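Q: Next up is a structure, given as structure tokens.
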Amino acid sequence: KIPTQEEIENALATVDYTNCIILNGNIVKAPNIKLDLGASAKGYATDCLKAILIEKGIKKAVIDLGGNILVMQEENDNSKMKIGIKSPIIHESNKIVGYVEVKNKAIVTSGNYERFFETNEKLYHHIISSKTGYPVENELKSVTIISNEAMLSDILSTSCFVLGLEKSRILLEKFAEVSAIFFLKNDEIIEINNSSS
């Protein structure tokens, strides 16, 4: 169901990160405020699974939580794992369009082509703009982030998808060990590589 403009405006009136603060390690929020952890939950879970595997003595693994991939290897293992990047074209998402070769990295993709519906020839995907209340519309089809932590990759992939390419370039300058792959709607592919490995 597509919400009415009034329902969207009422919901947007409560969207404000300043309605929450962290006090003594606890989140304190204003009444009737809900937190949506959709941009970080799978990444956090992936990092937790990695910690459990390490605790159990497992030194090599691939964790896959549907779009969130983490590759674990021993430090003295110089091999790299080849991870496929799916096509960001709707109805072609099972097609692999490229690969990244990584060691001990998390690879996370956010895009508009996996979770969506179409009505009246318009696409409604699951990444919502906090400004409009509707799905984000910009020049991007998808963003893949590669970093040392799955939660960071998860947060950055969604953030960059929302921000668009140019603002994402500025954001990613703050992260020395992060690489990104942007698939644009004009079929251009932009790579940003801040990682030394």
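Going by the structure tokens order, chains are called A, B, ..., each with residues numbered from 1, while ligands are numbered from 1 in the order shown.
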List the spatial neighbours of stretch 56-65 of chain A as a ChimeraX atom specification - criterion: any atom at most 7 Å away, only C-alpha atoms, same-chain residues fewer than 4 positions off excluded.
A: /A:42,46,52,69-74
Q: Taking the DSSP assignment computed from this structure's backbone, write out as a PyMOL selection string all residues of stretch 5-163 of chain A that belong to strand (DSSP E or B).
A: chain A and resi 20-23+26-29+61-64+68-72+81-86+96-102+106-111+116-119+122-125+128+135+140-147
Q: Give me the residues within 8 Å of stretch 106-117 of chain A as a VMD selection string, counting only C-alpha atoms and dropping any in the same chain fewer than 5 places off.
A: chain A and resid 67 to 71 88 to 91 93 123 to 127 140 to 150 153 to 154 157 to 158 161
Q: Just the residues within 12 Å of A:Tyr134, please, counting only C-alpha atoms, with nothing from its chain fewer than 3 positions along; format it as a list of chain:residue names.
A: A:Ile2, A:Pro3, A:Thr4, A:Gln5, A:Glu7, A:Ile8, A:Glu9, A:Ala11, A:Leu12, A:Lys122, A:Leu123, A:Tyr124, A:His125, A:His126, A:Ile127, A:Ile128, A:Ser129, A:Ser130, A:Lys131, A:Glu137, A:Val162
Q: Which residues, written as a list in words, have at least one atom at most 12 Å from A:Leu37, with only C-alpha atoms counted and residues fewer than 3 positions away on the same chain left out?
A: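 Everything that qualifies: Lys34, Ser40, Ala41, Lys42, Gly43, Tyr44, Ala45, Met151, Asp154, Ile155 and Thr158 of chain A.
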Q: Generate a file of the selected residues that holds N, CA, C and O atoms, formatted as a PDB file, in the first residue's frame.
A:
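Wrote it out as part_22.pdb, contents follow:
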ATOM      1  N   LYS A  34      10.739   5.695  16.960  1.00  0.00           N
ATOM      2  CA  LYS A  34      11.179   4.326  16.719  1.00  0.00           C
ATOM      3  C   LYS A  34      12.503   4.368  15.969  1.00  0.00           C
ATOM      4  O   LYS A  34      12.742   5.281  15.179  1.00  0.00           O
ATOM      5  N   SER A  40      22.053  -1.273   9.137  1.00  0.00           N
ATOM      6  CA  SER A  40      23.233  -1.768   9.859  1.00  0.00           C
ATOM      7  C   SER A  40      23.062  -3.146  10.477  1.00  0.00           C
ATOM      8  O   SER A  40      24.045  -3.776  10.843  1.00  0.00           O
ATOM      9  N   ALA A  41      21.845  -3.640  10.600  1.00  0.00           N
ATOM     10  CA  ALA A  41      21.589  -4.874  11.366  1.00  0.00           C
ATOM     11  C   ALA A  41      22.289  -6.089  10.783  1.00  0.00           C
ATOM     12  O   ALA A  41      22.923  -6.864  11.514  1.00  0.00           O
ATOM     13  N   LYS A  42      22.196  -6.282   9.456  1.00  0.00           N
ATOM     14  CA  LYS A  42      22.844  -7.453   8.864  1.00  0.00           C
ATOM     15  C   LYS A  42      24.359  -7.347   8.970  1.00  0.00           C
ATOM     16  O   LYS A  42      25.042  -8.347   9.185  1.00  0.00           O
ATOM     17  N   GLY A  43      24.876  -6.139   8.823  1.00  0.00           N
ATOM     18  CA  GLY A  43      26.321  -5.944   8.976  1.00  0.00           C
ATOM     19  C   GLY A  43      26.773  -6.255  10.387  1.00  0.00           C
ATOM     20  O   GLY A  43      27.793  -6.924  10.595  1.00  0.00           O
ATOM     21  N   TYR A  44      26.019  -5.780  11.367  1.00  0.00           N
ATOM     22  CA  TYR A  44      26.334  -6.071  12.771  1.00  0.00           C
ATOM     23  C   TYR A  44      26.292  -7.577  13.030  1.00  0.00           C
ATOM     24  O   TYR A  44      27.195  -8.141  13.648  1.00  0.00           O
ATOM     25  N   ALA A  45      25.239  -8.237  12.514  1.00  0.00           N
ATOM     26  CA  ALA A  45      25.112  -9.687  12.705  1.00  0.00           C
ATOM     27  C   ALA A  45      26.278 -10.429  12.054  1.00  0.00           C
ATOM     28  O   ALA A  45      26.803 -11.404  12.610  1.00  0.00           O
ATOM     29  N   MET A 151      29.603  -4.168   9.342  1.00  0.00           N
ATOM     30  CA  MET A 151      28.653  -3.124   9.735  1.00  0.00           C
ATOM     31  C   MET A 151      29.009  -1.799   9.070  1.00  0.00           C
ATOM     32  O   MET A 151      28.126  -1.073   8.599  1.00  0.00           O
ATOM     33  N   ASP A 154      27.947  -2.034   5.516  1.00  0.00           N
ATOM     34  CA  ASP A 154      26.488  -1.982   5.448  1.00  0.00           C
ATOM     35  C   ASP A 154      25.989  -0.537   5.551  1.00  0.00           C
ATOM     36  O   ASP A 154      25.194  -0.067   4.731  1.00  0.00           O
ATOM     37  N   ILE A 155      26.473   0.167   6.554  1.00  0.00           N
ATOM     38  CA  ILE A 155      26.049   1.559   6.764  1.00  0.00           C
ATOM     39  C   ILE A 155      26.460   2.441   5.591  1.00  0.00           C
ATOM     40  O   ILE A 155      25.671   3.238   5.083  1.00  0.00           O
ATOM     41  N   THR A 158      24.386   1.871   2.200  1.00  0.00           N
ATOM     42  CA  THR A 158      23.078   2.533   2.217  1.00  0.00           C
ATOM     43  C   THR A 158      23.237   4.052   2.185  1.00  0.00           C
ATOM     44  O   THR A 158      22.549   4.746   1.424  1.00  0.00           O
TER      45      THR A 158
END
